[in-house]
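Q: File follows, model_19.pdb with PDB, C-alpha atoms and all ligand atoms:
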```pdb
ATOM      1  CA  MET L   1     -25.594   2.093  11.227
ATOM      2  CA  ILE L   2     -27.206  -1.321  10.672
ATOM      3  CA  PRO L   3     -26.080  -3.213   7.551
ATOM      4  CA  ALA L   4     -28.564  -4.643   5.063
ATOM      5  CA  ALA L   5     -29.048  -8.391   5.523
ATOM      6  CA  PHE L   6     -26.395 -10.607   3.900
ATOM      7  CA  ASN L   7     -25.379 -14.242   3.792
ATOM      8  CA  TYR L   8     -22.043 -15.256   5.296
ATOM      9  CA  VAL L   9     -19.651 -18.076   4.367
ATOM     10  CA  ARG L  10     -16.260 -18.744   5.949
ATOM     11  CA  ALA L  11     -14.160 -20.077   3.055
ATOM     12  CA  ALA L  12     -11.978 -23.092   3.851
ATOM     13  CA  SER L  13      -9.646 -22.618   0.871
ATOM     14  CA  LEU L  14      -8.687 -20.168  -1.864
ATOM     15  CA  ALA L  15     -10.320 -22.451  -4.446
ATOM     16  CA  GLN L  16     -13.620 -22.349  -2.538
ATOM     17  CA  ALA L  17     -13.468 -18.545  -2.222
ATOM     18  CA  ILE L  18     -12.900 -18.207  -5.992
ATOM     19  CA  ASP L  19     -15.758 -20.652  -6.774
ATOM     20  CA  LEU L  20     -18.134 -18.693  -4.553
ATOM     21  CA  LEU L  21     -17.014 -15.370  -6.042
ATOM     22  CA  ARG L  22     -17.622 -16.653  -9.570
ATOM     23  CA  GLU L  23     -21.256 -17.468  -8.815
ATOM     24  CA  ASP L  24     -22.146 -13.789  -8.281
ATOM     25  CA  PRO L  25     -19.093 -11.492  -8.515
ATOM     26  CA  ASP L  26     -21.061  -8.255  -8.254
ATOM     27  CA  GLY L  27     -23.214  -9.352  -5.323
ATOM     28  CA  THR L  28     -20.338 -10.800  -3.290
ATOM     29  CA  LYS L  29     -17.636  -9.211  -1.120
ATOM     30  CA  LEU L  30     -14.522 -10.734   0.409
ATOM     31  CA  LEU L  31     -14.034 -10.042   4.105
ATOM     32  CA  ALA L  32     -10.430  -9.829   5.375
ATOM     33  CA  GLY L  33      -9.783  -7.605   8.439
ATOM     34  CA  GLY L  34     -13.146  -5.887   7.998
ATOM     35  CA  HIS L  35     -11.814  -2.505   9.075
ATOM     36  CA  THR L  36     -12.869  -0.862   5.852
ATOM     37  CA  LEU L  37     -15.642  -3.197   4.735
ATOM     38  CA  LEU L  38     -17.651  -3.337   7.974
ATOM     39  CA  PRO L  39     -17.985   0.456   8.294
ATOM     40  CA  ALA L  40     -18.993   0.530   4.603
ATOM     41  CA  LEU L  41     -21.707  -2.090   5.275
ATOM     42  CA  LYS L  42     -22.961  -0.213   8.320
ATOM     43  CA  LEU L  43     -23.204   3.013   6.336
ATOM     44  CA  ARG L  44     -24.832   1.007   3.496
ATOM     45  CA  LEU L  45     -22.154   2.190   1.086
ATOM     46  CA  ALA L  46     -22.004  -1.520   0.183
ATOM     47  CA  SER L  47     -24.859  -4.023   0.411
ATOM     48  CA  PRO L  48     -23.572  -7.385  -0.843
ATOM     49  CA  GLU L  49     -25.788 -10.463  -0.916
ATOM     50  CA  LEU L  50     -22.908 -12.620   0.294
ATOM     51  CA  LEU L  51     -19.840 -12.045   2.447
ATOM     52  CA  ILE L  52     -17.007 -14.543   2.001
ATOM     53  CA  ASP L  53     -14.794 -14.501   5.073
ATOM     54  CA  ILE L  54     -11.280 -15.357   3.828
ATOM     55  CA  GLY L  55      -9.707 -14.966   7.286
ATOM     56  CA  GLY L  56      -9.154 -18.704   7.771
ATOM     57  CA  ILE L  57      -7.379 -19.445   4.475
ATOM     58  CA  THR L  58      -3.883 -20.569   5.455
ATOM     59  CA  GLU L  59      -2.338 -20.109   2.009
ATOM     60  CA  LEU L  60      -3.069 -16.360   2.176
ATOM     61  CA  LYS L  61      -1.076 -15.936   5.393
ATOM     62  CA  GLY L  62       2.552 -15.523   6.374
ATOM     63  CA  ILE L  63       5.823 -13.775   5.637
ATOM     64  CA  GLU L  64       8.458 -15.805   3.761
ATOM     65  CA  ILE L  65      11.974 -14.550   3.218
ATOM     66  CA  GLY L  66      13.951 -16.289   0.487
ATOM     67  CA  LYS L  67      17.040 -15.728  -1.642
ATOM     68  CA  ALA L  68      15.140 -13.878  -4.359
ATOM     69  CA  GLY L  69      13.104 -11.696  -2.035
ATOM     70  CA  VAL L  70      10.138 -11.593   0.299
ATOM     71  CA  ARG L  71       6.606 -12.991  -0.074
ATOM     72  CA  ILE L  72       3.892 -11.536   2.122
ATOM     73  CA  GLY L  73       0.486 -13.243   2.218
ATOM     74  CA  ALA L  74      -2.522 -10.991   1.646
ATOM     75  CA  LEU L  75      -3.967 -11.742   5.090
ATOM     76  CA  THR L  76      -0.849 -10.565   6.927
ATOM     77  CA  ARG L  77      -1.977  -7.959   9.417
ATOM     78  CA  HIS L  78      -0.397  -4.535   9.873
ATOM     79  CA  ALA L  79       0.566  -5.644  13.409
ATOM     80  CA  ASP L  80       2.405  -8.725  12.025
ATOM     81  CA  LEU L  81       4.381  -6.511   9.641
ATOM     82  CA  LEU L  82       5.250  -4.265  12.573
ATOM     83  CA  ALA L  83       6.321  -7.130  14.831
ATOM     84  CA  SER L  84       8.261  -9.406  12.461
ATOM     85  CA  GLU L  85      11.962  -9.328  13.373
ATOM     86  CA  THR L  86      13.053 -11.210  10.248
ATOM     87  CA  LEU L  87      11.189  -8.776   8.015
ATOM     88  CA  PHE L  88      12.646  -5.864   9.964
ATOM     89  CA  GLU L  89      16.162  -7.165   9.319
ATOM     90  CA  GLU L  90      15.438  -7.522   5.599
ATOM     91  CA  LEU L  91      13.216  -4.489   4.936
ATOM     92  CA  PRO L  92      12.900  -2.140   7.938
ATOM     93  CA  ILE L  93      10.514   0.103   5.986
ATOM     94  CA  PHE L  94       7.679  -2.348   6.791
ATOM     95  CA  ARG L  95       7.998  -1.714  10.526
ATOM     96  CA  GLN L  96       8.357   1.993   9.961
ATOM     97  CA  ALA L  97       5.242   2.259   7.777
ATOM     98  CA  ALA L  98       3.142  -0.143   9.884
ATOM     99  CA  SER L  99       3.883   1.892  13.007
ATOM    100  CA  LEU L 100       2.300   4.904  11.301
ATOM    101  CA  ILE L 101      -0.969   3.153  10.397
ATOM    102  CA  ALA L 102      -3.870   4.187  12.619
ATOM    103  CA  ASP L 103      -3.805   2.649  16.118
ATOM    104  CA  PRO L 104      -3.259  -0.823  17.650
ATOM    105  CA  GLN L 105      -6.919  -1.807  17.198
ATOM    106  CA  VAL L 106      -6.815  -1.168  13.435
ATOM    107  CA  ARG L 107      -3.334  -2.679  13.103
ATOM    108  CA  ASN L 108      -4.453  -5.855  14.890
ATOM    109  CA  ARG L 109      -7.257  -6.522  12.383
ATOM    110  CA  GLY L 110      -6.410  -4.738   9.117
ATOM    111  CA  THR L 111      -4.488  -6.696   6.470
ATOM    112  CA  ILE L 112      -2.027  -5.579   3.805
ATOM    113  CA  GLY L 113      -4.068  -7.387   1.138
ATOM    114  CA  GLY L 114      -7.270  -5.644   2.233
ATOM    115  CA  SER L 115      -5.514  -2.299   2.188
ATOM    116  CA  LEU L 116      -4.087  -2.806  -1.332
ATOM    117  CA  ALA L 117      -7.334  -4.237  -2.745
ATOM    118  CA  ASN L 118      -9.297  -1.365  -1.262
ATOM    119  CA  ALA L 119      -6.937   1.200  -2.917
ATOM    120  CA  ASP L 120      -7.813   4.100  -0.662
ATOM    121  CA  PRO L 121      -5.800   6.958  -2.198
ATOM    122  CA  ALA L 122      -4.591   7.866   1.327
ATOM    123  CA  ALA L 123      -3.560   4.360   2.452
ATOM    124  CA  ASP L 124       0.077   3.767   3.395
ATOM    125  CA  TRP L 125       0.963   0.345   1.919
ATOM    126  CA  PRO L 126       0.445   1.400  -1.721
ATOM    127  CA  ALA L 127       3.386   3.852  -1.546
ATOM    128  CA  VAL L 128       5.587   1.219   0.090
ATOM    129  CA  VAL L 129       4.870  -1.578  -2.396
ATOM    130  CA  VAL L 130       5.336   0.792  -5.349
ATOM    131  CA  ALA L 131       8.719   1.970  -3.987
ATOM    132  CA  LEU L 132       9.794  -1.626  -3.366
ATOM    133  CA  LYS L 133       8.929  -2.528  -6.981
ATOM    134  CA  ALA L 134       6.733  -5.315  -5.657
ATOM    135  CA  GLU L 135       4.494  -7.564  -7.697
ATOM    136  CA  ILE L 136       0.933  -8.231  -6.605
ATOM    137  CA  GLU L 137      -0.229 -11.829  -7.103
ATOM    138  CA  ILE L 138      -3.858 -12.303  -8.020
ATOM    139  CA  ALA L 139      -5.865 -15.539  -8.304
ATOM    140  CA  GLY L 140      -9.056 -16.146 -10.266
ATOM    141  CA  ALA L 141     -10.856 -18.820 -12.210
ATOM    142  CA  ASN L 142      -8.172 -18.726 -14.920
ATOM    143  CA  GLY L 143      -5.288 -19.236 -12.498
ATOM    144  CA  HIS L 144      -2.720 -16.844 -11.049
ATOM    145  CA  ARG L 145      -1.248 -13.668 -12.503
ATOM    146  CA  ARG L 146       1.183 -11.056 -11.237
ATOM    147  CA  VAL L 147       0.951  -7.295 -11.728
ATOM    148  CA  ALA L 148       3.646  -4.711 -10.983
ATOM    149  CA  ALA L 149       2.531  -2.637  -7.992
ATOM    150  CA  GLN L 150       2.765   0.596  -9.947
ATOM    151  CA  ASP L 151       0.292  -0.791 -12.521
ATOM    152  CA  PHE L 152      -2.060  -2.282  -9.906
ATOM    153  CA  PHE L 153      -3.725   0.971  -8.793
ATOM    154  CA  VAL L 154      -6.069   2.458 -11.394
ATOM    155  CA  ASP L 155      -8.052   5.229  -9.697
ATOM    156  CA  ILE L 156      -9.639   6.186  -6.372
ATOM    157  CA  PHE L 157     -10.690   2.853  -4.755
ATOM    158  CA  SER L 158     -10.018   1.108  -8.058
ATOM    159  CA  THR L 159      -7.443  -1.521  -9.048
ATOM    160  CA  VAL L 160      -6.896  -4.034 -11.848
ATOM    161  CA  LEU L 161      -8.593  -6.723  -9.690
ATOM    162  CA  GLU L 162     -11.626  -8.205 -11.418
ATOM    163  CA  PRO L 163     -14.721  -8.715  -9.231
ATOM    164  CA  ASP L 164     -14.126 -12.492  -9.217
ATOM    165  CA  GLU L 165     -10.431 -12.311  -8.287
ATOM    166  CA  VAL L 166      -8.571 -12.547  -4.976
ATOM    167  CA  LEU L 167      -5.343 -10.730  -4.104
ATOM    168  CA  THR L 168      -3.227 -13.560  -2.709
ATOM    169  CA  SER L 169       0.233 -12.161  -1.943
ATOM    170  CA  ILE L 170       2.836  -9.494  -2.449
ATOM    171  CA  HIS L 171       6.266 -10.392  -3.865
ATOM    172  CA  ILE L 172       9.154  -8.035  -3.168
ATOM    173  CA  PRO L 173      12.405  -8.576  -5.066
ATOM    174  CA  ARG L 174      15.621  -8.365  -3.054
ATOM    175  CA  PRO L 175      16.673  -4.696  -3.245
ATOM    176  CA  THR L 176      19.991  -3.616  -4.766
ATOM    177  CA  THR L 177      22.905  -3.942  -2.319
ATOM    178  CA  GLY L 178      23.206  -0.863  -0.143
ATOM    179  CA  MET L 179      19.626   0.264  -0.790
ATOM    180  CA  ARG L 180      18.070   1.994   2.211
ATOM    181  CA  PHE L 181      14.391   2.913   2.311
ATOM    182  CA  ILE L 182      12.505   5.468   4.326
ATOM    183  CA  TYR L 183       8.781   6.248   4.636
ATOM    184  CA  ARG L 184       7.586   9.701   5.640
ATOM    185  CA  LYS L 185       3.977  10.575   6.184
ATOM    186  CA  ILE L 186       1.922  13.601   7.127
ATOM    187  CA  ARG L 187      -1.104  12.142   8.950
ATOM    188  CA  HIS L 188      -4.602  13.473   8.743
ATOM    189  CA  PRO L 189      -5.243  14.572  12.339
ATOM    190  CA  ALA L 190      -8.642  12.848  12.556
ATOM    191  CA  SER L 191      -8.298   9.627  10.536
ATOM    192  CA  GLY L 192      -4.541   9.038  10.669
ATOM    193  CA  PHE L 193      -4.524   8.320   6.929
ATOM    194  CA  ALA L 194      -1.785   9.915   4.784
ATOM    195  CA  VAL L 195      -2.418  13.436   3.553
ATOM    196  CA  VAL L 196       0.853  12.762   1.732
ATOM    197  CA  GLY L 197       3.139   9.739   2.175
ATOM    198  CA  ILE L 198       6.518   9.280   0.493
ATOM    199  CA  ALA L 199       8.425   5.986   0.374
ATOM    200  CA  VAL L 200      11.882   6.273  -1.123
ATOM    201  CA  GLY L 201      14.951   4.087  -1.473
ATOM    202  CA  VAL L 202      18.401   5.083  -2.757
ATOM    203  CA  PRO L 203      21.614   3.065  -3.129
ATOM    204  CA  MET L 204      24.826   5.046  -3.712
ATOM    205  CA  ARG L 205      27.633   3.848  -5.980
ATOM    206  CA  ASP L 206      30.953   5.732  -6.388
ATOM    207  CA  GLY L 207      29.422   8.790  -4.703
ATOM    208  CA  VAL L 208      26.393   9.066  -6.965
ATOM    209  CA  VAL L 209      22.835   7.770  -6.811
ATOM    210  CA  ALA L 210      22.735   4.378  -8.564
ATOM    211  CA  GLU L 211      18.914   4.271  -8.720
ATOM    212  CA  VAL L 212      15.892   5.783  -7.005
ATOM    213  CA  SER L 213      12.794   3.866  -5.960
ATOM    214  CA  LEU L 214       9.915   6.156  -5.161
ATOM    215  CA  GLY L 215       6.288   5.623  -4.162
ATOM    216  CA  VAL L 216       3.819   8.391  -3.362
ATOM    217  CA  THR L 217       0.418   8.090  -1.661
ATOM    218  CA  GLY L 218      -2.209  10.526  -0.411
ATOM    219  CA  ALA L 219      -1.411  13.146  -3.027
ATOM    220  CA  ALA L 220      -3.272  11.921  -6.095
ATOM    221  CA  ASN L 221      -6.076   9.541  -7.147
ATOM    222  CA  HIS L 222      -3.843   6.543  -6.516
ATOM    223  CA  ALA L 223      -0.305   5.671  -5.494
ATOM    224  CA  PHE L 224       2.329   6.234  -8.162
ATOM    225  CA  ALA L 225       6.056   5.898  -8.780
ATOM    226  CA  GLY L 226       7.300   9.476  -9.365
ATOM    227  CA  GLN L 227       9.464   8.352 -12.258
ATOM    228  CA  ALA L 228      10.506  11.793 -13.548
ATOM    229  CA  ALA L 229      12.012  12.754 -10.192
ATOM    230  CA  ALA L 230      13.680   9.334  -9.867
ATOM    231  CA  ASP L 231      15.208   9.648 -13.343
ATOM    232  CA  PHE L 232      16.413  13.178 -12.574
ATOM    233  CA  LEU L 233      18.304  12.093  -9.455
ATOM    234  CA  THR L 234      19.843   8.904 -10.859
ATOM    235  CA  GLY L 235      23.562   9.365 -11.588
ATOM    236  CA  LYS L 236      23.772  12.557  -9.512
ATOM    237  CA  THR L 237      25.150  13.246  -6.046
ATOM    238  CA  LEU L 238      22.717  13.579  -3.152
ATOM    239  CA  SER L 239      23.572  17.269  -2.759
ATOM    240  CA  ARG L 240      21.023  19.651  -1.244
ATOM    241  CA  GLU L 241      20.590  21.320  -4.630
ATOM    242  CA  ASN L 242      19.873  18.036  -6.447
ATOM    243  CA  ILE L 243      17.529  16.916  -3.672
ATOM    244  CA  ASP L 244      15.633  20.227  -3.851
ATOM    245  CA  GLN L 245      15.311  19.953  -7.622
ATOM    246  CA  ALA L 246      14.061  16.338  -7.477
ATOM    247  CA  ALA L 247      11.526  17.201  -4.759
ATOM    248  CA  THR L 248      10.291  20.228  -6.704
ATOM    249  CA  LEU L 249      10.026  18.162  -9.894
ATOM    250  CA  LEU L 250       7.930  15.529  -8.112
ATOM    251  CA  SER L 251       5.711  18.204  -6.628
ATOM    252  CA  GLU L 252       5.248  20.039  -9.929
ATOM    253  CA  THR L 253       4.506  16.913 -11.975
ATOM    254  CA  THR L 254       1.796  15.578  -9.630
ATOM    255  CA  GLU L 255      -1.873  16.343 -10.232
ATOM    256  CA  CYS L 256      -2.846  16.685  -6.590
ATOM    257  CA  LEU L 257      -6.189  15.958  -4.952
ATOM    258  CA  SER L 258      -8.002  18.731  -3.159
ATOM    259  CA  ASP L 259     -10.441  18.286  -0.274
ATOM    260  CA  ARG L 260     -11.758  20.152   2.744
ATOM    261  CA  TYR L 261      -8.664  19.396   4.792
ATOM    262  CA  ALA L 262      -5.905  19.880   2.211
ATOM    263  CA  SER L 263      -5.929  21.905  -0.996
ATOM    264  CA  ALA L 264      -4.023  20.720  -4.069
ATOM    265  CA  GLU L 265      -1.453  23.487  -3.433
ATOM    266  CA  TYR L 266      -0.940  22.333   0.160
ATOM    267  CA  ARG L 267      -0.495  18.711  -0.930
ATOM    268  CA  ALA L 268       1.985  19.784  -3.629
ATOM    269  CA  ASN L 269       3.952  21.629  -0.952
ATOM    270  CA  LEU L 270       3.894  18.557   1.317
ATOM    271  CA  ILE L 271       5.237  16.392  -1.511
ATOM    272  CA  ARG L 272       8.144  18.796  -1.877
ATOM    273  CA  THR L 273       8.962  19.059   1.828
ATOM    274  CA  GLU L 274       8.506  15.349   2.631
ATOM    275  CA  THR L 275      10.504  14.167  -0.388
ATOM    276  CA  ARG L 276      13.237  16.610   0.531
ATOM    277  CA  ARG L 277      13.291  15.431   4.166
ATOM    278  CA  ALA L 278      13.310  11.763   3.146
ATOM    279  CA  LEU L 279      16.193  12.211   0.709
ATOM    280  CA  LEU L 280      18.181  14.331   3.179
ATOM    281  CA  ALA L 281      17.782  11.574   5.772
ATOM    282  CA  LEU L 282      19.067   9.018   3.256
ATOM    283  CA  SER L 283      22.021  11.250   2.346
ATOM    284  CA  SER L 284      23.452  11.308   5.873
TER     285      SER L 284
HETATM  286  C1  LIG L 301     -10.086   4.228  12.235
HETATM  287  C2  LIG L 301      -9.298   3.721  11.065
HETATM  288  C3  LIG L 301      -8.085   4.312  10.783
HETATM  289  C4  LIG L 301      -7.320   3.834   9.704
HETATM  290  N1  LIG L 301      -6.116   4.452   9.446
HETATM  291  C5  LIG L 301      -5.361   3.991   8.420
HETATM  292  C6  LIG L 301      -4.081   4.570   8.128
HETATM  293  O1  LIG L 301      -3.580   5.448   8.839
HETATM  294  N2  LIG L 301      -3.398   4.096   7.066
HETATM  295  C7  LIG L 301      -3.885   3.094   6.274
HETATM  296  O2  LIG L 301      -3.228   2.711   5.324
HETATM  297  N3  LIG L 301      -5.072   2.513   6.530
HETATM  298  C8  LIG L 301      -5.819   2.929   7.580
HETATM  299  N4  LIG L 301      -7.029   2.344   7.846
HETATM  300  C9  LIG L 301      -7.504   1.269   6.967
HETATM  301  C10 LIG L 301      -7.089  -0.080   7.509
HETATM  302  O3  LIG L 301      -5.715  -0.245   7.301
HETATM  303  C11 LIG L 301      -7.901  -1.200   6.833
HETATM  304  O4  LIG L 301      -7.789  -2.323   7.622
HETATM  305  C12 LIG L 301      -7.487  -1.579   5.431
HETATM  306  O5  LIG L 301      -7.590  -0.537   4.540
HETATM  307  C13 LIG L 301      -8.392  -2.671   4.854
HETATM  308  O6  LIG L 301      -7.908  -3.880   5.260
HETATM  309  P1  LIG L 301      -8.890  -4.973   5.836
HETATM  310  O7  LIG L 301      -8.086  -6.217   5.965
HETATM  311  O8  LIG L 301      -9.546  -4.442   7.047
HETATM  312  O9  LIG L 301      -9.926  -5.168   4.626
HETATM  313  P2  LIG L 301     -11.503  -5.345   4.606
HETATM  314  O10 LIG L 301     -12.157  -4.202   5.284
HETATM  315  O11 LIG L 301     -11.887  -6.704   5.037
HETATM  316  O12 LIG L 301     -11.731  -5.247   3.021
HETATM  317  C14 LIG L 301     -11.541  -4.034   2.327
HETATM  318  C15 LIG L 301     -11.919  -4.221   0.851
HETATM  319  O13 LIG L 301     -10.942  -5.024   0.194
HETATM  320  C16 LIG L 301     -11.518  -6.254  -0.298
HETATM  321  N5  LIG L 301     -10.540  -7.304  -0.003
HETATM  322  C17 LIG L 301     -10.004  -7.591   1.205
HETATM  323  N6  LIG L 301      -9.066  -8.559   1.082
HETATM  324  C18 LIG L 301      -9.018  -8.876  -0.239
HETATM  325  C19 LIG L 301      -8.230  -9.788  -0.993
HETATM  326  N7  LIG L 301      -7.283 -10.549  -0.434
HETATM  327  N8  LIG L 301      -8.441  -9.859  -2.335
HETATM  328  C20 LIG L 301      -9.363  -9.066  -2.928
HETATM  329  N9  LIG L 301     -10.138  -8.179  -2.266
HETATM  330  C21 LIG L 301      -9.955  -8.077  -0.936
HETATM  331  C22 LIG L 301     -12.830  -6.419   0.464
HETATM  332  O14 LIG L 301     -13.780  -7.157  -0.276
HETATM  333  C23 LIG L 301     -13.249  -4.960   0.645
HETATM  334  O15 LIG L 301     -13.846  -4.475  -0.527
HETATM  335  C24 LIG L 301      -7.807   2.770   8.900
HETATM  336  C25 LIG L 301      -9.044   2.179   9.204
HETATM  337  C26 LIG L 301      -9.785   2.634  10.274
HETATM  338  C27 LIG L 301     -11.086   1.969  10.593
END
```
Just dump the structure as C-alpha cells.
Ligand SMILES: Cc1cc2nc3c(=O)[nH]c(=O)nc-3n(C[C@H](O)[C@H](O)[C@H](O)COP(=O)(O)OP(=O)(O)OC[C@H]3O[C@@H](n4cnc5c(N)ncnc54)[C@H](O)[C@@H]3O)c2cc1C

A:
Amino acid sequence: MIPAAFNYVRAASLAQAIDLLREDPDGTKLLAGGHTLLPALKLRLASPELLIDIGGITELKGIEIGKAGVRIGALTRHADLLASETLFEELPIFRQAASLIADPQVRNRGTIGGSLANADPAADWPAVVVALKAEIEIAGANGHRRVAAQDFFVDIFSTVLEPDEVLTSIHIPRPTTGMRFIYRKIRHPASGFAVVGIAVGVPMRDGVVAEVSLGVTGAANHAFAGQAAADFLTGKTLSRENIDQAATLLSETTECLSDRYASAEYRANLIRTETRRALLALSS
C-alpha cells in the first residue's frame, strides 16, 4: 500500500499543467480529487514519474449559469454540485445524482472532471452528462476542443482524452422547455458505484413525448445514450405499455457487463426495471 516514488508539482495555471504534461505524457498523471488516483498509486496500478496537482487552478473551478446553459468547471466537487442552490433550480438532477455518490468524504474531494476523465463504467456522472447532451471541453497544446458527451467515452476507463490533454469543463445546453430529468441508480452494496444507473429526461407536448434524453451507466463498457429506446418513445404517449416497450428495448439492445456481483442477465433486468420506474415517475 505504499506508492512508488514520484515527483510532485502543484500547477499554477492550465497553461503550466499542459506544458508539464507535454514533456512526458505517458509518465505523468494529473491529480484532481485523488479519490481514484491515490488508491491506484498505493496499489501500484499506476506508477507515474510526475504528479501534477491541478487542484489550485482557478479557471477549472466553478458553476456558471447563463442564458445558453450551464458551464461546470472540471474541478467542481461532487459536494459542490450537491449544495449549489442555483444549479438545483436550473437542473435538479445534479443534486439528485450527487447525493447518490459514495459518502460525504468522497463527495468532499472527488471532482466531476476526475470522474469523467477516469471513465469508470460504473460512475454516475457519465450517465447524467450523456442524458443532458453535454459537451466536454478539453485543452491541449493545440488549443481547446469540445466533444459531445456520448462520444467522449470509448471503453472501460478509456476516453477520447489524449495523454497530454486536460478536461477543463462541462457545457450543458439549456434543456427544452418543460423537460424534467430523473436519475435512478442501483448501488453496489460495497462500493456504492452504480450496478446500473439511468438518467432520463422527457418533455411532453400536446400529450405526447416531444423528445427523450437518456444516459445509461454501470451496464456496459461505458456510458451510452440508449438511442433506439429514445427514438421508439418519441411522439408516443407515456402509457404503461409504451414505457414497458421502451424499457425492454433498451434492455435488449444493451451488451451488458458481467462480473461476480451482477451477471449480464441481472444487469439487463435492472435496465428494464429502472428505466420503467424512471419513466413512470416522469409520467405522473
Ligand atoms: C470509496 C469510494 C466510493 C466511490 N463511490 C462512487 C460512486 O458511488 N459513484 C461514482 O461515480 N464515483 C464514486 N467514486 C469515485 C469518486 O467519485 C472519484 O472521486 C472520481 O471518480 C475521481 O475523481 P477525482 O477528482 O478524485 O479524480 P482523481 O482521482 O484525482 O483522478 C482520476 C483520474 O482522472 C485523471 N484526471 C483527473 N482530473 C482530470 C482532468 N481535469 N483532466 C484530465 N484527466 C484528469 C487523473 O489523472 C486520474 O487518472 C468512489 C470513490 C471511492 C474512493

Q: Pick out the closest residue to Ser239 (chain L) from this set: L:Pro104, L:Gly197, L:Gly207, L:Gly192. Count all atoms listed in the file.

A: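 Under the stated criterion, the closest residue is L:Gly207.
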
Q: Choose the residue, out of L:Gly56, L:Pro126, L:Gly27, L:Gly34, that has the smallest atom-to-atom separation from Ala223 (chain L); count all atoms listed in the file.

A: L:Pro126

Q: Ligand LIG 301 (chain L): which residues are within 7 Å, counting all atoms listed in the file, as a count of residues only?

A: 39

Q: Looking at only C-alpha atoms, which of L:Glu135, L:Asp164, L:Glu274, L:Glu59 is the one that sits closest to Val200 (chain L)?

A: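 Closest to Val200 (chain L) of all the choices is L:Glu274.
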
Q: Excluding Leu81 (chain L) and its own-chain neighbours fewer than 4 positions away, which residues fall within 7 Å of it when counting all atoms listed in the file? Please give them as an mmCIF file with C-alpha atoms, keeping the file's coordinate frame.

A:
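around_4.cif was written with the following content:
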```
data_model
loop_
_atom_site.group_PDB
_atom_site.id
_atom_site.type_symbol
_atom_site.label_atom_id
_atom_site.label_comp_id
_atom_site.auth_asym_id
_atom_site.auth_seq_id
_atom_site.Cartn_x
_atom_site.Cartn_y
_atom_site.Cartn_z
ATOM 1 C CA ARG L 77 -1.977 -7.959 9.417
ATOM 2 C CA PHE L 94 7.679 -2.348 6.791
ATOM 3 C CA ARG L 95 7.998 -1.714 10.526
ATOM 4 C CA ALA L 98 3.142 -0.143 9.884
#
```

Q: Find, counting only C-alpha atoms, the residue in L:Ser99, L:Thr217, L:Gln105, L:Thr58 that gets nearest to Ala131 (chain L).

A: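 Residue with the minimum atom-to-atom distance to Ala131 (chain L): L:Thr217.
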
Q: With a distance cut-off of 12 Å and all atoms listed in the file, select the neighbouring residues of Ser284 (chain L), excluding the residue or stretch itself and same-chain residues fewer than 2 positions from it, and output the selection as an mmCIF file with C-alpha atoms, in the coordinates of the input.

A:
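Result written to around-v5.cif:
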```
data_model
loop_
_atom_site.group_PDB
_atom_site.id
_atom_site.type_symbol
_atom_site.label_atom_id
_atom_site.label_comp_id
_atom_site.auth_asym_id
_atom_site.auth_seq_id
_atom_site.Cartn_x
_atom_site.Cartn_y
_atom_site.Cartn_z
ATOM 1 C CA ARG L 180 18.070 1.994 2.211
ATOM 2 C CA VAL L 202 18.401 5.083 -2.757
ATOM 3 C CA MET L 204 24.826 5.046 -3.712
ATOM 4 C CA LEU L 238 22.717 13.579 -3.152
ATOM 5 C CA SER L 239 23.572 17.269 -2.759
ATOM 6 C CA ARG L 240 21.023 19.651 -1.244
ATOM 7 C CA ARG L 277 13.291 15.431 4.166
ATOM 8 C CA ALA L 278 13.310 11.763 3.146
ATOM 9 C CA LEU L 279 16.193 12.211 0.709
ATOM 10 C CA LEU L 280 18.181 14.331 3.179
ATOM 11 C CA ALA L 281 17.782 11.574 5.772
ATOM 12 C CA LEU L 282 19.067 9.018 3.256
#
```

Q: Which of these residues is nearest to Thr28 (chain L), using all atoms listed in the file: L:Thr159, L:Leu270, L:Ile186, L:Val9?

A: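 Checking each of L:Thr159, L:Leu270, L:Ile186, L:Val9 against Thr28 (chain L), counting all atoms listed in the file, the winner is L:Val9.
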
Q: Counting all atoms listed in the file, I want the residues whose atoms come within 10 Å of (8.5, 1.6, -4.4) in the file frame, returned as a ChimeraX atom specification.

A: /L:125-134,149-150,172,181,198-201,212-216,223-226

Q: Model the absent atoms of region 71-77 of chain L so that N, CA, C and O atoms are present, and write the result as a PDB file, keeping the file's coordinate frame.

A:
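Generated output (out-v5.pdb):
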```pdb
ATOM      1  N   ARG L  71       8.017 -12.799   0.286  1.00  0.00           N
ATOM      2  CA  ARG L  71       6.606 -12.991  -0.074  1.00  0.00           C
ATOM      3  C   ARG L  71       5.757 -12.722   1.164  1.00  0.00           C
ATOM      4  O   ARG L  71       6.016 -13.285   2.235  1.00  0.00           O
ATOM      5  N   ILE L  72       4.781 -11.856   1.002  1.00  0.00           N
ATOM      6  CA  ILE L  72       3.892 -11.536   2.122  1.00  0.00           C
ATOM      7  C   ILE L  72       2.473 -11.933   1.722  1.00  0.00           C
ATOM      8  O   ILE L  72       1.937 -11.456   0.709  1.00  0.00           O
ATOM      9  N   GLY L  73       1.855 -12.818   2.502  1.00  0.00           N
ATOM     10  CA  GLY L  73       0.486 -13.243   2.218  1.00  0.00           C
ATOM     11  C   GLY L  73      -0.494 -12.100   2.426  1.00  0.00           C
ATOM     12  O   GLY L  73      -0.300 -11.247   3.302  1.00  0.00           O
ATOM     13  N   ALA L  74      -1.557 -12.101   1.620  1.00  0.00           N
ATOM     14  CA  ALA L  74      -2.522 -10.991   1.646  1.00  0.00           C
ATOM     15  C   ALA L  74      -3.137 -10.776   3.021  1.00  0.00           C
ATOM     16  O   ALA L  74      -3.479  -9.660   3.396  1.00  0.00           O
ATOM     17  N   LEU L  75      -3.295 -11.867   3.791  1.00  0.00           N
ATOM     18  CA  LEU L  75      -3.967 -11.742   5.090  1.00  0.00           C
ATOM     19  C   LEU L  75      -3.042 -11.297   6.218  1.00  0.00           C
ATOM     20  O   LEU L  75      -3.473 -11.228   7.374  1.00  0.00           O
ATOM     21  N   THR L  76      -1.787 -11.008   5.886  1.00  0.00           N
ATOM     22  CA  THR L  76      -0.849 -10.565   6.927  1.00  0.00           C
ATOM     23  C   THR L  76      -1.318  -9.215   7.478  1.00  0.00           C
ATOM     24  O   THR L  76      -1.593  -8.275   6.724  1.00  0.00           O
ATOM     25  N   ARG L  77      -1.435  -9.171   8.791  1.00  0.00           N
ATOM     26  CA  ARG L  77      -1.977  -7.959   9.417  1.00  0.00           C
ATOM     27  C   ARG L  77      -0.898  -6.889   9.573  1.00  0.00           C
ATOM     28  O   ARG L  77       0.289  -7.201   9.652  1.00  0.00           O
TER      29      ARG L  77
END
```
